[in-house]
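K.L.:
This is the content of entry-v4.cif (mmCIF, C-alpha atoms and all ligand atoms):
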data_input
#
loop_
_atom_site.label_atom_id
_atom_site.label_comp_id
_atom_site.auth_asym_id
_atom_site.auth_seq_id
_atom_site.Cartn_x
_atom_site.Cartn_y
_atom_site.Cartn_z
CA MET W 227 124.84 -13.28 111.71
CA VAL W 228 121.38 -13.46 113.23
CA ARG W 229 120.43 -10.48 115.30
CA PRO W 230 117.50 -10.54 117.67
CA PHE W 231 115.92 -7.44 116.26
CA PHE W 232 113.36 -6.73 118.91
CA THR W 233 115.87 -6.63 121.71
CA HIS W 234 117.60 -4.03 119.63
CA ARG W 235 114.96 -1.41 120.23
CA ARG W 236 115.38 1.25 122.79
CA PRO W 237 112.59 3.73 123.27
CA LEU W 238 113.33 7.29 122.09
CA CYS W 239 116.48 6.32 120.26
CA HIS W 240 115.33 3.87 117.66
CA ASN W 241 111.61 3.83 117.48
CA VAL W 242 111.81 2.14 114.12
CA ASN W 243 108.83 1.33 111.96
CA VAL W 244 106.47 3.44 113.98
CA PRO W 245 103.85 4.88 111.62
CA GLY W 246 104.72 8.44 110.75
CA ASP W 247 108.36 7.87 111.65
CA SER W 248 110.04 9.10 108.51
CA LEU W 249 113.58 8.95 107.20
CA PRO W 250 114.05 12.71 107.69
CA SER W 251 113.13 12.44 111.37
CA ARG W 252 115.24 9.33 111.93
CA LEU W 253 118.17 11.00 110.22
CA ALA W 254 117.76 14.02 112.49
CA GLN W 255 117.74 11.68 115.51
CA VAL W 256 120.90 9.90 114.37
CA ARG W 257 122.66 13.20 113.74
CA GLU W 258 121.58 14.34 117.19
CA ARG W 259 122.96 11.16 118.76
CA ILE W 260 126.27 11.72 116.95
CA ALA W 261 126.38 15.36 118.01
CA SER W 262 125.64 14.55 121.68
CA ALA W 263 128.26 11.81 121.78
CA CYS W 264 130.79 14.19 120.23
CA ALA W 265 129.88 16.90 122.73
CA ARG W 266 130.40 14.49 125.64
CA CYS W 267 133.95 13.71 124.57
CA GLY W 268 134.98 17.06 123.15
CA ARG W 269 135.03 16.04 119.51
CA SER W 270 133.71 18.00 116.59
CA PRO W 271 130.65 16.38 114.97
CA GLU W 272 132.34 16.78 111.58
CA SER W 273 135.00 14.33 112.73
CA VAL W 274 132.46 11.50 112.57
CA ARG W 275 131.10 10.46 109.20
CA LEU W 276 127.86 8.64 108.72
CA LEU W 277 127.82 5.57 106.51
CA ALA W 278 124.20 4.80 105.69
CA VAL W 279 123.82 1.02 105.58
CA THR W 280 121.27 0.20 102.89
CA LYS W 281 121.69 -3.56 102.63
CA LEU W 282 118.45 -5.36 101.75
CA PHE W 283 116.69 -2.09 100.92
CA GLY W 284 115.89 -1.17 97.34
CA PRO W 285 117.31 1.61 95.18
CA ASP W 286 114.35 3.82 96.14
CA VAL W 287 115.60 3.96 99.72
CA ILE W 288 119.11 4.92 98.59
CA ARG W 289 117.56 7.60 96.40
CA GLU W 290 115.51 9.00 99.27
CA ALA W 291 118.57 9.11 101.52
CA TYR W 292 120.59 10.80 98.78
CA ALA W 293 117.90 13.44 98.38
CA LEU W 294 118.33 14.17 102.10
CA GLY W 295 122.03 14.79 101.60
CA LEU W 296 123.53 11.40 102.49
CA ARG W 297 126.42 10.51 100.20
CA ASP W 298 128.14 7.49 101.75
CA PHE W 299 126.41 4.15 101.64
CA GLY W 300 127.34 0.75 102.99
CA GLU W 301 126.35 -2.46 101.28
CA ASN W 302 127.15 -6.01 102.39
CA TYR W 303 126.79 -8.12 99.29
CA VAL W 304 128.44 -7.78 95.88
CA GLN W 305 125.55 -9.49 94.09
CA GLU W 306 122.95 -7.31 95.72
CA MET W 307 124.87 -4.19 94.74
CA GLU W 308 125.12 -5.48 91.21
CA ARG W 309 121.33 -5.69 91.05
CA LYS W 310 120.78 -2.21 92.48
CA ALA W 311 123.54 -0.33 90.69
CA PRO W 312 121.78 0.17 87.31
CA ALA W 313 118.89 1.97 89.06
CA ILE W 314 121.10 4.54 90.77
CA THR W 315 123.73 5.49 88.22
CA ASP W 316 122.42 9.07 88.26
CA LEU W 317 123.41 9.58 91.94
CA ALA W 318 126.71 11.04 90.82
CA GLU W 319 128.09 11.96 94.25
CA ALA W 320 127.19 8.70 95.98
CA HIS W 321 130.05 6.59 97.32
CA PHE W 322 129.46 2.95 98.02
CA HIS W 323 131.48 1.07 100.61
CA LEU W 324 131.52 -2.69 100.78
CA ILE W 325 131.15 -3.55 104.47
CA GLY W 326 130.42 -7.27 104.13
CA HIS W 327 132.95 -10.06 103.75
CA LEU W 328 134.51 -10.19 100.29
CA GLN W 329 135.46 -13.52 98.79
CA ASN W 330 138.62 -13.37 96.71
CA ASN W 331 136.78 -14.62 93.62
CA LYS W 332 134.39 -11.63 93.72
CA SER W 333 137.17 -9.03 93.80
CA LYS W 334 136.75 -7.97 90.18
CA LYS W 335 133.04 -7.17 90.52
CA ALA W 336 133.64 -5.51 93.86
CA ALA W 337 136.30 -3.22 92.39
CA GLU W 338 133.83 -2.21 89.67
CA LEU W 339 130.93 -1.51 91.98
CA PHE W 340 132.51 0.05 95.07
CA SER W 341 134.73 3.06 95.63
CA ALA W 342 135.78 1.72 99.03
CA ILE W 343 136.24 -1.80 100.36
CA ASP W 344 136.18 -1.68 104.16
CA THR W 345 136.62 -5.42 104.72
CA VAL W 346 139.99 -6.36 103.24
CA ASP W 347 141.32 -9.17 105.40
CA ASN W 348 144.04 -10.94 103.43
CA ALA W 349 146.99 -10.09 101.20
CA LYS W 350 145.76 -12.17 98.29
CA LEU W 351 142.53 -10.19 98.18
CA ALA W 352 144.48 -6.91 98.31
CA SER W 353 146.63 -7.95 95.40
CA ARG W 354 143.60 -9.03 93.37
CA LEU W 355 141.86 -5.70 94.01
CA ASN W 356 145.04 -3.85 93.11
CA ALA W 357 145.27 -5.78 89.85
CA GLU W 358 141.94 -4.31 88.71
CA GLY W 359 143.85 -1.10 88.03
CA LYS W 360 141.33 1.23 89.66
CA PRO W 361 142.11 3.45 92.66
CA ILE W 362 140.22 2.08 95.67
CA ASP W 363 140.15 3.17 99.30
CA VAL W 364 140.45 0.19 101.56
CA MET W 365 140.18 -0.58 105.23
CA ILE W 366 141.28 -3.70 106.99
CA GLU W 367 138.54 -5.54 108.83
CA VAL W 368 139.98 -6.77 112.10
CA LYS W 369 138.55 -9.73 113.95
CA LEU W 370 138.82 -9.01 117.64
CA SER W 371 136.49 -11.67 118.98
CA SER W 372 136.64 -15.43 118.81
CA GLU W 373 133.22 -15.86 117.19
CA ALA W 374 133.52 -18.49 114.47
CA ALA W 375 131.09 -16.69 112.15
CA LYS W 376 133.07 -13.46 112.02
CA SER W 377 135.51 -12.61 109.30
CA GLY W 378 138.45 -10.27 109.47
CA ALA W 379 142.19 -10.31 109.91
CA ALA W 380 143.64 -11.44 113.23
CA PRO W 381 145.54 -8.63 114.99
CA GLY W 382 148.75 -10.66 114.71
CA TYR W 383 148.43 -10.67 110.91
CA LEU W 384 148.20 -6.88 110.66
CA PRO W 385 151.92 -6.10 110.21
CA GLU W 386 152.10 -8.40 107.18
CA LEU W 387 148.78 -7.23 105.72
CA VAL W 388 149.51 -3.52 106.17
CA HIS W 389 152.83 -4.10 104.44
CA ALA W 390 151.20 -6.02 101.58
CA ILE W 391 148.60 -3.31 100.99
CA GLY W 392 151.36 -0.71 101.05
CA ALA W 393 152.91 -2.49 98.09
CA CYS W 394 149.68 -2.10 96.06
CA PRO W 395 149.81 1.24 94.20
CA ASN W 396 146.07 1.30 93.43
CA LEU W 397 145.00 0.77 97.03
CA ARG W 398 144.89 3.52 99.61
CA LEU W 399 144.76 2.10 103.12
CA THR W 400 142.74 4.54 105.21
CA GLY W 401 142.07 2.68 108.44
CA LEU W 402 140.59 -0.23 110.34
CA MET W 403 137.07 -1.57 110.70
CA THR W 404 135.54 -4.00 113.17
CA VAL W 405 132.23 -5.55 114.17
CA PRO W 406 132.10 -6.58 117.83
CA PRO W 407 129.90 -9.49 118.93
CA TRP W 408 126.31 -8.31 118.97
CA SER W 409 125.02 -7.31 122.35
CA GLU W 410 122.02 -5.41 123.56
CA ASP W 411 124.32 -3.53 125.90
CA PRO W 412 126.51 -1.05 123.99
CA GLU W 413 129.04 -1.07 126.82
CA GLN W 414 129.95 -4.63 125.82
CA SER W 415 131.29 -3.22 122.53
CA ARG W 416 133.49 -0.59 124.11
CA PRO W 417 136.58 -2.76 124.79
CA TYR W 418 136.58 -3.86 121.13
CA PHE W 419 136.40 -0.24 119.99
CA ALA W 420 139.24 0.76 122.30
CA ARG W 421 141.32 -2.14 121.05
CA LEU W 422 140.76 -1.17 117.41
CA ARG W 423 141.80 2.40 118.14
CA GLY W 424 145.01 1.15 119.76
CA LEU W 425 145.80 -0.97 116.71
CA ALA W 426 145.14 1.93 114.31
CA GLU W 427 147.53 4.06 116.36
CA ASP W 428 150.19 1.36 116.19
CA PHE W 429 150.03 1.47 112.40
CA GLY W 430 149.56 5.22 112.01
CA LEU W 431 146.10 4.81 110.44
CA SER W 432 143.60 7.61 110.93
CA GLU W 433 140.20 6.14 110.07
CA LEU W 434 138.22 3.93 112.41
CA SER W 435 134.97 2.40 111.16
CA MET W 436 133.17 1.15 114.25
CA GLY W 437 129.77 1.56 115.84
CA MET W 438 126.32 0.73 114.49
CA SER W 439 122.74 1.65 115.42
CA ASN W 440 122.87 0.42 118.99
CA ASP W 441 126.42 1.31 120.01
CA LEU W 442 127.45 4.35 117.98
CA GLU W 443 127.85 6.54 121.07
CA ALA W 444 130.40 4.18 122.66
CA ALA W 445 132.22 3.97 119.32
CA ILE W 446 132.42 7.74 118.99
CA GLU W 447 133.68 8.07 122.55
CA GLU W 448 136.41 5.55 121.64
CA GLY W 449 137.41 7.43 118.50
CA ALA W 450 135.22 6.24 115.59
CA THR W 451 135.59 8.38 112.47
CA TRP W 452 132.90 6.39 110.64
CA VAL W 453 129.73 4.97 112.13
CA ARG W 454 127.79 2.46 110.06
CA VAL W 455 124.09 2.94 110.65
CA GLY W 456 121.27 0.91 109.15
CA THR W 457 118.32 0.20 111.42
CA ALA W 458 118.26 3.55 113.20
CA LEU W 459 117.92 5.28 109.81
CA PHE W 460 115.86 2.93 107.71
CA GLY W 461 114.00 0.77 110.20
CA ARG W 462 113.84 -2.96 110.23
CA ARG W 463 115.47 -4.54 107.22
CA PRO W 464 113.31 -6.48 104.77
CA LYS W 465 113.87 -10.25 104.72
CA PRO W 466 116.47 -11.27 102.12
C1 LIG J 1 124.20 -4.38 108.79
C2 LIG J 1 125.47 -3.80 109.23
C3 LIG J 1 125.52 -2.54 109.86
C4 LIG J 1 124.29 -1.76 110.26
O1 LIG J 1 123.73 -2.34 111.40
P1 LIG J 1 122.51 -1.62 112.18
O2 LIG J 1 122.51 -2.28 113.50
O3 LIG J 1 121.29 -1.91 111.38
O4 LIG J 1 122.80 -0.18 112.24
C5 LIG J 1 126.76 -2.02 110.15
N1 LIG J 1 127.91 -2.68 109.85
C6 LIG J 1 127.89 -3.88 109.25
C7 LIG J 1 129.18 -4.56 108.95
C8 LIG J 1 126.68 -4.48 108.94
O5 LIG J 1 126.70 -5.69 108.37
#
Written as structure tokens, how would this file's structure read?
P.N.:
Amino acid sequence: MVRPFFTHRRPLCHNVNVPGDSLPSRLAQVRERIASACARCGRSPESVRLLAVTKLFGPDVIREAYALGLRDFGENYVQEMERKAPAITDLAEAHFHLIGHLQNNKSKKAAELFSAIDTVDNAKLASRLNAEGKPIDVMIEVKLSSEAAKSGAAPGYLPELVHAIGACPNLRLTGLMTVPPWSEDPEQSRPYFARLRGLAEDFGLSELSMGMSNDLEAAIEEGATWVRVGTALFGRRPKP
């Protein structure tokens, strides 16, 4: 997915890559945004967890974030994680979530490298992950838009997929995840967030991974329990 990065900037909120703008200050700003959004809708800030999205950044960035107390990291690519993992084995309390599309043939590596897979979207993949014999937290990625480039399970497939995951003793289904079409205007994401919350309620699932740097407030107002934040914490991503 190609994102027009520069339209993504809003003054005060994500003044990324400004000299002197450090990870500690960006982290404080993100926590402040989470706290204000929670305050506006009467939620406790502890009810929203921050997944630090470190894709395309090196192990040094993960290490710096860990030193500041971050423990949950999101990565998009199995191969990239495989390259970084040897450099961060000492970060004992770090949990890595796979938030990018997982091809069935990479399930073995993914089960080794990640403690959570947030993008399960088919029963075959679930059964392959289960067969690795390791306890893994999973979320179902739901595709709520008609964009051809997006992955995820169609809402109509959820009953079957939830059932299939339920039959996998090594998988713990915690919730649903979605990525709405990118828009500069966070209000455009809100209907997708509301829809995901409704689906999670239908299936009795408690975790909702939704909201990124530009729309985390709307996501929190609609019930997000995880926000996945890259740019607002780490600045513009390096080119792959
Ligand atoms: C890259 C990515 C993010 C982080 O996006 P930012 O806009 O940089 O915060 C969140 N979720 C997914 C699935 C991503 O691929």
K.L.:
Give me, as JSON lines, the closest atom pair and its distance (Å, one decimal) for every residue of chain W within a cut-off of 10 Å of ligand LIG 1 (chain J), counting all atoms listed in the file, rows sorted by chain and rising number.
P.N.:
{"residue": "W:Met227", "atom": "CA", "partner": "J:LIG1", "partner_atom": "O5", "distance": 8.5}
{"residue": "W:Arg229", "atom": "CA", "partner": "J:LIG1", "partner_atom": "O2", "distance": 8.6}
{"residue": "W:Phe231", "atom": "CA", "partner": "J:LIG1", "partner_atom": "O2", "distance": 8.8}
{"residue": "W:His234", "atom": "CA", "partner": "J:LIG1", "partner_atom": "O2", "distance": 8.0}
{"residue": "W:Leu277", "atom": "CA", "partner": "J:LIG1", "partner_atom": "C5", "distance": 8.5}
{"residue": "W:Ala278", "atom": "CA", "partner": "J:LIG1", "partner_atom": "C4", "distance": 8.0}
{"residue": "W:Val279", "atom": "CA", "partner": "J:LIG1", "partner_atom": "C4", "distance": 5.5}
{"residue": "W:Thr280", "atom": "CA", "partner": "J:LIG1", "partner_atom": "C1", "distance": 8.0}
{"residue": "W:Lys281", "atom": "CA", "partner": "J:LIG1", "partner_atom": "C1", "distance": 6.7}
{"residue": "W:Leu282", "atom": "CA", "partner": "J:LIG1", "partner_atom": "C1", "distance": 9.1}
{"residue": "W:Gly300", "atom": "CA", "partner": "J:LIG1", "partner_atom": "N1", "distance": 7.7}
{"residue": "W:Glu301", "atom": "CA", "partner": "J:LIG1", "partner_atom": "O5", "distance": 7.8}
{"residue": "W:Asn302", "atom": "CA", "partner": "J:LIG1", "partner_atom": "O5", "distance": 6.0}
{"residue": "W:Tyr303", "atom": "CA", "partner": "J:LIG1", "partner_atom": "O5", "distance": 9.4}
{"residue": "W:Leu324", "atom": "CA", "partner": "J:LIG1", "partner_atom": "C7", "distance": 8.7}
{"residue": "W:Ile325", "atom": "CA", "partner": "J:LIG1", "partner_atom": "C7", "distance": 5.0}
{"residue": "W:Gly326", "atom": "CA", "partner": "J:LIG1", "partner_atom": "C7", "distance": 5.7}
{"residue": "W:His327", "atom": "CA", "partner": "J:LIG1", "partner_atom": "C7", "distance": 8.5}
{"residue": "W:Asp344", "atom": "CA", "partner": "J:LIG1", "partner_atom": "C7", "distance": 9.0}
{"residue": "W:Thr345", "atom": "CA", "partner": "J:LIG1", "partner_atom": "C7", "distance": 8.6}
{"residue": "W:Glu367", "atom": "CA", "partner": "J:LIG1", "partner_atom": "C7", "distance": 9.4}
{"residue": "W:Met403", "atom": "CA", "partner": "J:LIG1", "partner_atom": "C7", "distance": 8.6}
{"residue": "W:Thr404", "atom": "CA", "partner": "J:LIG1", "partner_atom": "C7", "distance": 7.7}
{"residue": "W:Val405", "atom": "CA", "partner": "J:LIG1", "partner_atom": "C7", "distance": 6.1}
{"residue": "W:Pro406", "atom": "CA", "partner": "J:LIG1", "partner_atom": "C7", "distance": 9.6}
{"residue": "W:Trp408", "atom": "CA", "partner": "J:LIG1", "partner_atom": "O2", "distance": 9.0}
{"residue": "W:Ser435", "atom": "CA", "partner": "J:LIG1", "partner_atom": "N1", "distance": 8.8}
{"residue": "W:Met436", "atom": "CA", "partner": "J:LIG1", "partner_atom": "N1", "distance": 7.9}
{"residue": "W:Gly437", "atom": "CA", "partner": "J:LIG1", "partner_atom": "C5", "distance": 7.4}
{"residue": "W:Met438", "atom": "CA", "partner": "J:LIG1", "partner_atom": "O4", "distance": 4.3}
{"residue": "W:Ser439", "atom": "CA", "partner": "J:LIG1", "partner_atom": "O4", "distance": 3.7}
{"residue": "W:Asn440", "atom": "CA", "partner": "J:LIG1", "partner_atom": "O2", "distance": 6.1}
{"residue": "W:Asp441", "atom": "CA", "partner": "J:LIG1", "partner_atom": "O2", "distance": 8.4}
{"residue": "W:Leu442", "atom": "CA", "partner": "J:LIG1", "partner_atom": "O4", "distance": 8.7}
{"residue": "W:Val453", "atom": "CA", "partner": "J:LIG1", "partner_atom": "C5", "distance": 7.8}
{"residue": "W:Arg454", "atom": "CA", "partner": "J:LIG1", "partner_atom": "C5", "distance": 4.6}
{"residue": "W:Val455", "atom": "CA", "partner": "J:LIG1", "partner_atom": "O4", "distance": 3.7}
{"residue": "W:Gly456", "atom": "CA", "partner": "J:LIG1", "partner_atom": "O3", "distance": 3.6}
{"residue": "W:Thr457", "atom": "CA", "partner": "J:LIG1", "partner_atom": "O3", "distance": 3.6}
{"residue": "W:Ala458", "atom": "CA", "partner": "J:LIG1", "partner_atom": "O4", "distance": 6.0}
{"residue": "W:Leu459", "atom": "CA", "partner": "J:LIG1", "partner_atom": "O4", "distance": 7.7}
{"residue": "W:Phe460", "atom": "CA", "partner": "J:LIG1", "partner_atom": "O3", "distance": 8.1}
{"residue": "W:Gly461", "atom": "CA", "partner": "J:LIG1", "partner_atom": "O3", "distance": 7.9}
{"residue": "W:Arg462", "atom": "CA", "partner": "J:LIG1", "partner_atom": "O3", "distance": 7.6}
{"residue": "W:Arg463", "atom": "CA", "partner": "J:LIG1", "partner_atom": "O3", "distance": 7.6}
K.L.:
Take the residues from that selection and write them out as a CSV table (one decimal), in the frame of the given file, keeping C-alpha atoms.
P.N.:
chain,number,residue,atom,x,y,z
W,227,MET,CA,124.8,-13.3,111.7
W,229,ARG,CA,120.4,-10.5,115.3
W,231,PHE,CA,115.9,-7.4,116.3
W,234,HIS,CA,117.6,-4.0,119.6
W,277,LEU,CA,127.8,5.6,106.5
W,278,ALA,CA,124.2,4.8,105.7
W,279,VAL,CA,123.8,1.0,105.6
W,280,THR,CA,121.3,0.2,102.9
W,281,LYS,CA,121.7,-3.6,102.6
W,282,LEU,CA,118.4,-5.4,101.8
W,300,GLY,CA,127.3,0.8,103.0
W,301,GLU,CA,126.4,-2.5,101.3
W,302,ASN,CA,127.2,-6.0,102.4
W,303,TYR,CA,126.8,-8.1,99.3
W,324,LEU,CA,131.5,-2.7,100.8
W,325,ILE,CA,131.2,-3.6,104.5
W,326,GLY,CA,130.4,-7.3,104.1
W,327,HIS,CA,133.0,-10.1,103.8
W,344,ASP,CA,136.2,-1.7,104.2
W,345,THR,CA,136.6,-5.4,104.7
W,367,GLU,CA,138.5,-5.5,108.8
W,403,MET,CA,137.1,-1.6,110.7
W,404,THR,CA,135.5,-4.0,113.2
W,405,VAL,CA,132.2,-5.6,114.2
W,406,PRO,CA,132.1,-6.6,117.8
W,408,TRP,CA,126.3,-8.3,119.0
W,435,SER,CA,135.0,2.4,111.2
W,436,MET,CA,133.2,1.2,114.2
W,437,GLY,CA,129.8,1.6,115.8
W,438,MET,CA,126.3,0.7,114.5
W,439,SER,CA,122.7,1.6,115.4
W,440,ASN,CA,122.9,0.4,119.0
W,441,ASP,CA,126.4,1.3,120.0
W,442,LEU,CA,127.4,4.4,118.0
W,453,VAL,CA,129.7,5.0,112.1
W,454,ARG,CA,127.8,2.5,110.1
W,455,VAL,CA,124.1,2.9,110.6
W,456,GLY,CA,121.3,0.9,109.2
W,457,THR,CA,118.3,0.2,111.4
W,458,ALA,CA,118.3,3.6,113.2
W,459,LEU,CA,117.9,5.3,109.8
W,460,PHE,CA,115.9,2.9,107.7
W,461,GLY,CA,114.0,0.8,110.2
W,462,ARG,CA,113.8,-3.0,110.2
W,463,ARG,CA,115.5,-4.5,107.2
K.L.:
Would you mind reading off the distance between atom CA of Ala311 of chain W and atom CA of Ala450 of chain W, one decimal, in Å?
P.N.:
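About the pair atom CA of Ala311 of chain W and atom CA of Ala450 of chain W: they are 28.3 Å apart.
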K.L.:
What is the atom CA of Tyr383 of chain W-atom CA of Asp428 of chain W distance in Å, reported with one decimal?
P.N.:
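Computing the Euclidean distance for atom CA of Tyr383 of chain W and atom CA of Asp428 of chain W yields 13.3 Å.
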K.L.:
Which residue out of W:Ala426, W:Leu351, W:Ala265, W:Leu296 has the minimum interatomic distance to Lys332 of chain W when only C-alpha atoms are used?
P.N.:
W:Leu351
K.L.:
Just how far from atom CA of Leu276 of chain W is atom CA of Ala390 of chain W, in Å to one decimal?
P.N.:
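Between these atoms lies a distance of 28.5 Å.
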K.L.:
Nearest to Leu355 of chain W: which of W:Val274, W:Ile343, W:Leu431, W:Ala337 is it, counting all atoms listed in the file?
P.N.:
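Comparing W:Val274, W:Ile343, W:Leu431, W:Ala337 against Leu355 of chain W, the winner is W:Ala337.
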K.L.:
Using only C-alpha atoms, pick whichever of W:Val304, W:Ala420, W:Ile446, W:Ile362 has the shortest atom-to-atom distance to Pro271 of chain W.
P.N.:
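The shortest atom-to-atom distance to Pro271 of chain W comes from W:Ile446.
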K.L.:
What's the 7 Å shell around Ala263 of chain W, counting only C-alpha atoms, without same-chain residues fewer than 2 positions away, as a list in words?
P.N.:
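The residues satisfying every condition are Arg259, Ile260, Ala261, Ala265, Arg266, Cys267, Glu443, Ile446 and Glu447 of chain W.
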K.L.:
Between W:Cys394, W:Gly424, W:Ala357, W:Pro407, which one has atoms that come closest to Lys376 of chain W, using only C-alpha atoms?
P.N.:
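Result for the nearest residue to Lys376 of chain W: W:Pro407.
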K.L.:
Where atoms are absent from segment 298-322 of chain W, fill them in so it carries N, CA and C atoms, then output it as a compact mmCIF listing (two decimals), keeping the file's coordinate frame.
P.N.:
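This went into rebuild34.txt:
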# COMPACT_ATOMS: atom_id res chain seq x y z
N ASP W 298 127.33 8.70 101.53
CA ASP W 298 128.14 7.49 101.75
C ASP W 298 127.24 6.35 102.18
N PHE W 299 127.30 5.27 101.42
CA PHE W 299 126.41 4.15 101.64
C PHE W 299 127.20 2.87 101.84
N GLY W 300 126.71 2.04 102.73
CA GLY W 300 127.34 0.75 102.99
C GLY W 300 126.46 -0.38 102.50
N GLU W 301 127.06 -1.28 101.77
CA GLU W 301 126.35 -2.46 101.28
C GLU W 301 127.15 -3.69 101.66
N ASN W 302 126.46 -4.81 101.91
CA ASN W 302 127.15 -6.01 102.39
C ASN W 302 127.46 -7.05 101.33
N TYR W 303 126.68 -7.01 100.24
CA TYR W 303 126.79 -8.12 99.29
C TYR W 303 127.07 -7.61 97.89
N VAL W 304 128.07 -8.19 97.24
CA VAL W 304 128.44 -7.78 95.88
C VAL W 304 127.26 -8.01 94.92
N GLN W 305 126.64 -9.19 95.02
CA GLN W 305 125.55 -9.49 94.09
C GLN W 305 124.36 -8.56 94.25
N GLU W 306 124.07 -8.23 95.48
CA GLU W 306 122.95 -7.31 95.72
C GLU W 306 123.26 -5.93 95.13
N MET W 307 124.48 -5.48 95.30
CA MET W 307 124.87 -4.19 94.74
C MET W 307 124.81 -4.21 93.22
N GLU W 308 125.16 -5.34 92.66
CA GLU W 308 125.12 -5.48 91.21
C GLU W 308 123.69 -5.31 90.68
N ARG W 309 122.74 -5.84 91.46
CA ARG W 309 121.33 -5.69 91.05
C ARG W 309 120.85 -4.25 91.18
N LYS W 310 121.29 -3.57 92.24
CA LYS W 310 120.78 -2.21 92.48
C LYS W 310 121.45 -1.16 91.62
N ALA W 311 122.73 -1.37 91.31
CA ALA W 311 123.54 -0.33 90.69
C ALA W 311 122.91 0.33 89.45
N PRO W 312 122.31 -0.47 88.52
CA PRO W 312 121.78 0.17 87.31
C PRO W 312 120.69 1.20 87.61
N ALA W 313 120.00 1.06 88.74
CA ALA W 313 118.89 1.97 89.06
C ALA W 313 119.36 3.26 89.72
N ILE W 314 120.63 3.36 90.03
CA ILE W 314 121.10 4.54 90.77
C ILE W 314 122.33 5.19 90.14
N THR W 315 122.53 4.94 88.88
CA THR W 315 123.73 5.49 88.22
C THR W 315 123.70 7.02 88.17
N ASP W 316 122.53 7.61 88.31
CA ASP W 316 122.42 9.07 88.26
C ASP W 316 122.83 9.74 89.58
N LEU W 317 123.03 8.98 90.65
CA LEU W 317 123.41 9.58 91.94
C LEU W 317 124.93 9.82 91.92
N ALA W 318 125.30 10.86 91.19
CA ALA W 318 126.71 11.04 90.82
C ALA W 318 127.66 11.17 92.02
N GLU W 319 127.18 11.74 93.11
CA GLU W 319 128.09 11.96 94.25
C GLU W 319 128.02 10.84 95.28
N ALA W 320 127.30 9.78 95.00
CA ALA W 320 127.19 8.70 95.98
C ALA W 320 128.46 7.85 95.98
N HIS W 321 128.92 7.51 97.18
CA HIS W 321 130.05 6.59 97.32
C HIS W 321 129.56 5.34 98.01
N PHE W 322 129.89 4.21 97.43
CA PHE W 322 129.46 2.95 98.02
C PHE W 322 130.65 2.21 98.63
